[in-house]
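The file run.cif comes next; it holds mmCIF, C-alpha atoms.
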```cif
data_target
loop_
_atom_site.group_PDB
_atom_site.id
_atom_site.type_symbol
_atom_site.label_atom_id
_atom_site.label_comp_id
_atom_site.auth_asym_id
_atom_site.auth_seq_id
_atom_site.Cartn_x
_atom_site.Cartn_y
_atom_site.Cartn_z
ATOM 1 C CA MET A 108 6.676 -4.932 -13.624
ATOM 2 C CA ALA A 109 10.067 -3.582 -14.368
ATOM 3 C CA SER A 110 11.530 -0.601 -12.612
ATOM 4 C CA ASP A 111 14.631 1.525 -12.813
ATOM 5 C CA PHE A 112 15.440 0.642 -9.197
ATOM 6 C CA ALA A 113 16.670 -2.777 -8.207
ATOM 7 C CA PRO A 114 15.116 -3.896 -4.905
ATOM 8 C CA THR A 115 18.601 -4.497 -3.527
ATOM 9 C CA MET A 116 19.230 -0.736 -3.721
ATOM 10 C CA LEU A 117 16.400 -0.070 -1.265
ATOM 11 C CA PRO A 118 16.606 -0.430 2.518
ATOM 12 C CA ASP A 119 15.565 -3.883 3.698
ATOM 13 C CA ALA A 120 11.973 -3.005 4.657
ATOM 14 C CA ALA A 121 11.261 -1.069 1.454
ATOM 15 C CA ALA A 122 12.788 -3.871 -0.617
ATOM 16 C CA VAL A 123 10.586 -6.433 1.150
ATOM 17 C CA TRP A 124 7.494 -4.282 0.569
ATOM 18 C CA ARG A 125 8.351 -3.793 -3.094
ATOM 19 C CA SER A 126 9.093 -7.453 -3.689
ATOM 20 C CA ALA A 127 5.884 -8.590 -1.974
ATOM 21 C CA LEU A 128 3.812 -6.179 -4.070
ATOM 22 C CA GLU A 129 5.571 -7.103 -7.273
ATOM 23 C CA ASP A 130 4.937 -10.821 -6.618
ATOM 24 C CA LEU A 131 1.156 -10.270 -6.721
ATOM 25 C CA PRO A 132 -0.471 -10.778 -10.132
ATOM 26 C CA GLU A 133 -0.930 -7.455 -11.901
ATOM 27 C CA HIS A 134 -4.211 -8.342 -13.633
ATOM 28 C CA ALA A 135 -5.862 -10.446 -10.914
ATOM 29 C CA SER A 136 -7.126 -8.417 -7.992
ATOM 30 C CA PRO A 137 -6.495 -10.049 -4.597
ATOM 31 C CA CYS A 138 -9.768 -8.554 -3.283
ATOM 32 C CA ARG A 139 -13.136 -9.752 -4.559
ATOM 33 C CA TYR A 140 -14.700 -6.296 -4.911
ATOM 34 C CA LEU A 141 -11.601 -4.461 -6.122
ATOM 35 C CA SER A 142 -11.677 -4.287 -9.917
ATOM 36 C CA PRO A 143 -8.604 -5.540 -11.790
ATOM 37 C CA ALA A 144 -8.099 -2.085 -13.323
ATOM 38 C CA ARG A 145 -8.177 -0.346 -9.935
ATOM 39 C CA TRP A 146 -5.903 -3.042 -8.464
ATOM 40 C CA ALA A 147 -3.391 -2.527 -11.298
ATOM 41 C CA ALA A 148 -3.306 1.215 -10.526
ATOM 42 C CA LEU A 149 -2.975 0.664 -6.753
ATOM 43 C CA GLN A 150 -0.215 -1.893 -7.269
ATOM 44 C CA ALA A 151 1.742 0.259 -9.738
ATOM 45 C CA ASN A 152 1.471 3.304 -7.474
ATOM 46 C CA ALA A 153 2.485 1.303 -4.386
ATOM 47 C CA ILE A 154 5.553 -0.102 -6.162
ATOM 48 C CA GLY A 155 6.388 3.394 -7.389
ATOM 49 C CA PHE A 156 6.033 4.647 -3.816
ATOM 50 C CA CYS A 157 8.524 2.017 -2.637
ATOM 51 C CA ASP A 158 10.994 3.105 -5.320
ATOM 52 C CA ARG A 159 10.665 6.854 -4.721
ATOM 53 C CA PHE A 160 9.772 7.137 -1.045
ATOM 54 C CA GLY A 161 10.237 3.694 0.551
ATOM 55 C CA ALA A 162 13.541 4.505 2.215
ATOM 56 C CA GLU A 163 12.217 7.766 3.647
ATOM 57 C CA ALA A 164 8.937 6.159 4.759
ATOM 58 C CA HIS A 165 10.857 3.446 6.590
ATOM 59 C CA ARG A 166 13.146 6.036 8.181
ATOM 60 C CA LEU A 167 10.053 7.935 9.357
ATOM 61 C CA GLY A 168 8.657 4.778 10.961
ATOM 62 C CA TRP A 169 5.897 3.887 8.505
ATOM 63 C CA THR A 170 4.953 0.207 8.670
ATOM 64 C CA ALA A 171 3.635 -2.247 6.079
ATOM 65 C CA PRO A 172 0.091 -2.170 7.567
ATOM 66 C CA GLU A 173 0.021 1.642 7.633
ATOM 67 C CA LEU A 174 0.889 1.662 3.937
ATOM 68 C CA PHE A 175 -0.479 -1.550 2.395
ATOM 69 C CA ALA A 176 -3.086 -3.046 4.756
ATOM 70 C CA VAL A 177 -6.539 -4.332 3.925
ATOM 71 C CA HIS A 178 -9.174 -5.832 6.208
ATOM 72 C CA PRO A 179 -8.196 -9.460 7.020
ATOM 73 C CA GLU A 180 -11.542 -10.842 5.789
ATOM 74 C CA HIS A 181 -13.168 -8.146 3.653
ATOM 75 C CA GLY A 182 -10.174 -6.635 1.858
ATOM 76 C CA THR A 183 -10.663 -3.113 0.587
ATOM 77 C CA LEU A 184 -14.398 -3.092 1.402
ATOM 78 C CA ARG A 185 -13.544 -2.043 4.953
ATOM 79 C CA VAL A 186 -11.493 1.088 4.240
ATOM 80 C CA GLU A 187 -11.102 1.882 7.934
ATOM 81 C CA PHE A 188 -8.626 -1.040 8.059
ATOM 82 C CA CYS A 189 -6.761 -0.076 4.873
ATOM 83 C CA GLY A 190 -3.313 1.407 4.609
ATOM 84 C CA VAL A 191 -2.946 4.739 2.884
ATOM 85 C CA LEU A 192 -1.692 3.276 -0.410
ATOM 86 C CA MET A 193 -4.588 0.808 -0.650
ATOM 87 C CA VAL A 194 -7.158 3.595 -0.651
ATOM 88 C CA VAL A 195 -5.784 6.286 -2.976
ATOM 89 C CA SER A 196 -5.450 5.374 -6.671
ATOM 90 C CA GLU A 197 -2.976 8.054 -7.647
ATOM 91 C CA PRO A 198 0.807 8.316 -7.308
ATOM 92 C CA ALA A 199 2.198 9.723 -4.078
ATOM 93 C CA ARG A 200 3.976 13.071 -4.286
ATOM 94 C CA GLY A 201 5.743 12.925 -0.940
ATOM 95 C CA VAL A 202 5.950 11.326 2.479
ATOM 96 C CA GLU A 203 6.105 12.961 5.892
ATOM 97 C CA GLY A 204 6.067 11.668 9.448
ATOM 98 C CA GLN A 205 2.283 11.459 9.735
ATOM 99 C CA ARG A 206 0.999 11.765 6.168
ATOM 100 C CA ILE A 207 1.480 10.867 2.544
ATOM 101 C CA LEU A 208 0.856 13.589 0.023
ATOM 102 C CA PHE A 209 -0.975 12.983 -3.248
ATOM 103 C CA GLU A 210 -1.939 15.396 -6.017
ATOM 104 C CA ARG A 211 -5.390 16.181 -4.584
ATOM 105 C CA LEU A 212 -5.501 14.196 -1.339
ATOM 106 C CA THR A 213 -3.542 13.537 1.812
ATOM 107 C CA GLY A 214 -3.498 10.190 3.615
ATOM 108 C CA TYR A 215 -2.815 10.122 7.351
ATOM 109 C CA ARG A 216 -1.585 7.322 9.569
ATOM 110 C CA ASN A 217 -2.691 8.778 12.902
ATOM 111 C CA LYS A 218 -6.483 8.865 12.456
ATOM 112 C CA VAL A 219 -8.459 8.516 15.683
ATOM 113 C CA GLY A 220 -9.715 4.951 16.109
ATOM 114 C CA GLN A 221 -7.706 3.610 13.184
ATOM 115 C CA GLN A 222 -7.311 -0.150 13.142
ATOM 116 C CA TRP A 223 -4.795 -1.585 10.727
ATOM 117 C CA GLY A 224 -5.502 -4.717 8.761
ATOM 118 C CA ILE A 225 -2.892 -7.005 7.236
ATOM 119 C CA PRO A 226 -0.641 -6.240 4.270
ATOM 120 C CA ILE A 227 -2.364 -7.050 1.000
ATOM 121 C CA TRP A 228 0.208 -9.728 0.157
ATOM 122 C CA GLU A 229 -0.735 -11.627 3.346
ATOM 123 C CA PHE A 230 -4.404 -11.224 2.442
ATOM 124 C CA ALA A 231 -3.722 -12.652 -1.033
ATOM 125 C CA ARG A 232 -1.757 -15.553 0.448
ATOM 126 C CA LYS A 233 -4.736 -16.440 2.676
ATOM 127 C CA GLY A 234 -7.065 -16.282 -0.306
ATOM 128 C CA SER A 235 -9.476 -14.192 1.776
ATOM 129 C CA GLY A 236 -10.889 -12.178 -1.063
ATOM 130 C CA ARG A 237 -11.964 -14.988 -3.355
#
```

Is it possible to express this structure as structure tokens?
Amino acid sequence: MASDFAPTMLPDAAAVWRSALEDLPEHASPCRYLSPARWAALQANAIGFCDRFGAEAHRLGWTAPELFAVHPEHGTLRVEFCGVLMVVSEPARGVEGQRILFERLTGYRNKVGQQWGIPIWEFARKGSGR
């Protein structure tokens, strides 16, 4: 996936996030029950988020799990462990201290009882979803 932004132009954390996402195969979903088409959309939108809002998200204290997590064993099937960008299949429109804005939805990081999983690239490395 090519982008107008070189990862070296992003702050360290956002560049690491972007690189880790970009290293995952575009057409092979890392999660067993996540269709390849939906994975491609999630991945493209997450990389786009890193390019457009990664620096601001990092400045606001967002972490990789809050953005890109999935359940360590069940992937996206357990949405209560998923980061905001692994649940919503549309491009983000903005980032704030406690929420990410989408066209029709808002994803929050401070939900009561929220448990964060592991970033999807760690999940893929473990081969948990296959």

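Using only C-alpha atoms, the protein and nucleic acid residues lying no more than 10 Å from Gly234 in chain A, apart from those fewer than 6 places from it along its own chain, are Pro137, Cys138, Arg139, Glu180 and Trp228 of chain A.
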
A:Gly224, A:Pro172, A:Gly201, A:Gly155 ranked by distance to Phe188 in chain A, top pick (using only C-alpha atoms): A:Gly224

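Taken over the shown file, the PyMOL selection byres ((chain A and resi 136) around 10) identifies A:Leu131, A:Pro132, A:Glu133, A:His134, A:Ala135, A:Pro137, A:Cys138, A:Arg139, A:Tyr140, A:Leu141, A:Ser142, A:Pro143, A:Ala144, A:Arg145, A:Trp146, A:Ala147, A:Gln150, A:Ala231, A:Gly236, A:Arg237.
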
Residue among A:Ser196, A:Asp130, A:Ala121, A:Glu173 lying closest to Arg159 in chain A, counting only C-alpha atoms: A:Ala121

Closest of A:Gly220, A:Gly182, A:Pro198, A:Gly204 to Thr170 in chain A - atom-to-atom distances counting only C-alpha atoms: A:Gly204

Selection result for the PyMOL selection byres ((chain A and resi 221) around 12) on this file, as a list in words: Pro172, Glu173, Ala176, His178, Arg185, Val186, Glu187, Phe188, Cys189, Gly190, Val191, Tyr215, Arg216, Asn217, Lys218, Val219, Gly220, Gln222, Trp223 and Gly224 of chain A

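Nearest residue to Arg125 in chain A, choosing from A:Ile154, A:Ile207, A:Ala162, A:Ile227 and counting only C-alpha atoms: A:Ile154.
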
Expansion of the PyMOL selection byres ((chain A and resi 203) around 10) into residues, as a PyMOL selection string: chain A and resi 160+163-164+167-169+201-202+204-208+215

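The interatomic distance for the pair CA of Trp124 in chain A and CA of Val194 in chain A works out to 16.7 Å.
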
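Computed from the coordinates, the CA of Val195 in chain A to CA of Gly161 in chain A distance equals 16.6 Å.
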
Kindly complete range 132-168 of chain A to N, CA and C atoms; the output should be written as a tab-separated table (two decimals), keeping the file's coordinate frame.
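Here's the written file out36.tsv:
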```
chain	number	residue	atom	x	y	z
A	132	PRO	N	-0.10	-10.91	-8.71
A	132	PRO	CA	-0.47	-10.78	-10.13
A	132	PRO	C	-1.02	-9.38	-10.44
A	133	GLU	N	-0.54	-8.82	-11.52
A	133	GLU	CA	-0.93	-7.46	-11.90
A	133	GLU	C	-2.39	-7.38	-12.36
A	134	HIS	N	-2.87	-8.39	-13.04
A	134	HIS	CA	-4.21	-8.34	-13.63
A	134	HIS	C	-5.25	-9.17	-12.88
A	135	ALA	N	-4.91	-9.67	-11.71
A	135	ALA	CA	-5.86	-10.45	-10.91
A	135	ALA	C	-5.93	-9.83	-9.52
A	136	SER	N	-6.97	-9.10	-9.27
A	136	SER	CA	-7.13	-8.42	-7.99
A	136	SER	C	-7.17	-9.42	-6.84
A	137	PRO	N	-6.44	-9.16	-5.76
A	137	PRO	CA	-6.50	-10.05	-4.60
A	137	PRO	C	-7.79	-9.90	-3.79
A	138	CYS	N	-8.54	-8.82	-4.03
A	138	CYS	CA	-9.77	-8.55	-3.28
A	138	CYS	C	-10.97	-8.70	-4.21
A	139	ARG	N	-11.95	-9.43	-3.76
A	139	ARG	CA	-13.14	-9.75	-4.56
A	139	ARG	C	-13.79	-8.52	-5.17
A	140	TYR	N	-13.97	-7.46	-4.42
A	140	TYR	CA	-14.70	-6.30	-4.91
A	140	TYR	C	-13.79	-5.15	-5.36
A	141	LEU	N	-12.55	-5.44	-5.60
A	141	LEU	CA	-11.60	-4.46	-6.12
A	141	LEU	C	-11.37	-4.82	-7.59
A	142	SER	N	-11.77	-3.96	-8.49
A	142	SER	CA	-11.68	-4.29	-9.92
A	142	SER	C	-10.22	-4.49	-10.33
A	143	PRO	N	-9.97	-5.33	-11.31
A	143	PRO	CA	-8.60	-5.54	-11.79
A	143	PRO	C	-7.94	-4.24	-12.24
A	144	ALA	N	-8.69	-3.35	-12.87
A	144	ALA	CA	-8.10	-2.08	-13.32
A	144	ALA	C	-7.68	-1.22	-12.13
A	145	ARG	N	-8.53	-1.14	-11.13
A	145	ARG	CA	-8.18	-0.35	-9.94
A	145	ARG	C	-7.01	-1.00	-9.19
A	146	TRP	N	-7.01	-2.33	-9.10
A	146	TRP	CA	-5.90	-3.04	-8.46
A	146	TRP	C	-4.60	-2.75	-9.20
A	147	ALA	N	-4.61	-2.79	-10.53
A	147	ALA	CA	-3.39	-2.53	-11.30
A	147	ALA	C	-2.85	-1.14	-10.98
A	148	ALA	N	-3.74	-0.15	-10.86
A	148	ALA	CA	-3.31	1.22	-10.53
A	148	ALA	C	-2.75	1.28	-9.11
A	149	LEU	N	-3.46	0.67	-8.14
A	149	LEU	CA	-2.98	0.66	-6.75
A	149	LEU	C	-1.61	-0.01	-6.66
A	150	GLN	N	-1.47	-1.16	-7.31
A	150	GLN	CA	-0.22	-1.89	-7.27
A	150	GLN	C	0.93	-1.08	-7.89
A	151	ALA	N	0.70	-0.53	-9.07
A	151	ALA	CA	1.74	0.26	-9.74
A	151	ALA	C	2.15	1.46	-8.89
A	152	ASN	N	1.16	2.14	-8.31
A	152	ASN	CA	1.47	3.30	-7.47
A	152	ASN	C	2.18	2.91	-6.19
A	153	ALA	N	1.82	1.77	-5.61
A	153	ALA	CA	2.48	1.30	-4.39
A	153	ALA	C	3.93	0.91	-4.67
A	154	ILE	N	4.18	0.24	-5.79
A	154	ILE	CA	5.55	-0.10	-6.16
A	154	ILE	C	6.34	1.17	-6.44
A	155	GLY	N	5.73	2.11	-7.15
A	155	GLY	CA	6.39	3.39	-7.39
A	155	GLY	C	6.71	4.12	-6.09
A	156	PHE	N	5.79	4.04	-5.12
A	156	PHE	CA	6.03	4.65	-3.82
A	156	PHE	C	7.27	4.02	-3.17
A	157	CYS	N	7.36	2.70	-3.22
A	157	CYS	CA	8.52	2.02	-2.64
A	157	CYS	C	9.81	2.50	-3.28
A	158	ASP	N	9.80	2.66	-4.60
A	158	ASP	CA	10.99	3.10	-5.32
A	158	ASP	C	11.37	4.55	-4.96
A	159	ARG	N	10.39	5.43	-4.92
A	159	ARG	CA	10.66	6.85	-4.72
A	159	ARG	C	10.75	7.25	-3.25
A	160	PHE	N	9.89	6.66	-2.42
A	160	PHE	CA	9.77	7.14	-1.04
A	160	PHE	C	9.93	6.05	0.01
A	161	GLY	N	10.16	4.80	-0.40
A	161	GLY	CA	10.24	3.69	0.55
A	161	GLY	C	11.28	3.88	1.63
A	162	ALA	N	12.46	4.31	1.24
A	162	ALA	CA	13.54	4.50	2.22
A	162	ALA	C	13.16	5.57	3.24
A	163	GLU	N	12.61	6.68	2.75
A	163	GLU	CA	12.22	7.77	3.65
A	163	GLU	C	11.05	7.34	4.54
A	164	ALA	N	10.07	6.64	3.97
A	164	ALA	CA	8.94	6.16	4.76
A	164	ALA	C	9.42	5.24	5.89
A	165	HIS	N	10.31	4.35	5.57
A	165	HIS	CA	10.86	3.45	6.59
A	165	HIS	C	11.60	4.24	7.66
A	166	ARG	N	12.40	5.19	7.24
A	166	ARG	CA	13.15	6.04	8.18
A	166	ARG	C	12.19	6.79	9.10
A	167	LEU	N	11.04	7.19	8.57
A	167	LEU	CA	10.05	7.94	9.36
A	167	LEU	C	9.17	7.03	10.22
A	168	GLY	N	9.38	5.72	10.11
A	168	GLY	CA	8.66	4.78	10.96
A	168	GLY	C	7.37	4.22	10.38
```
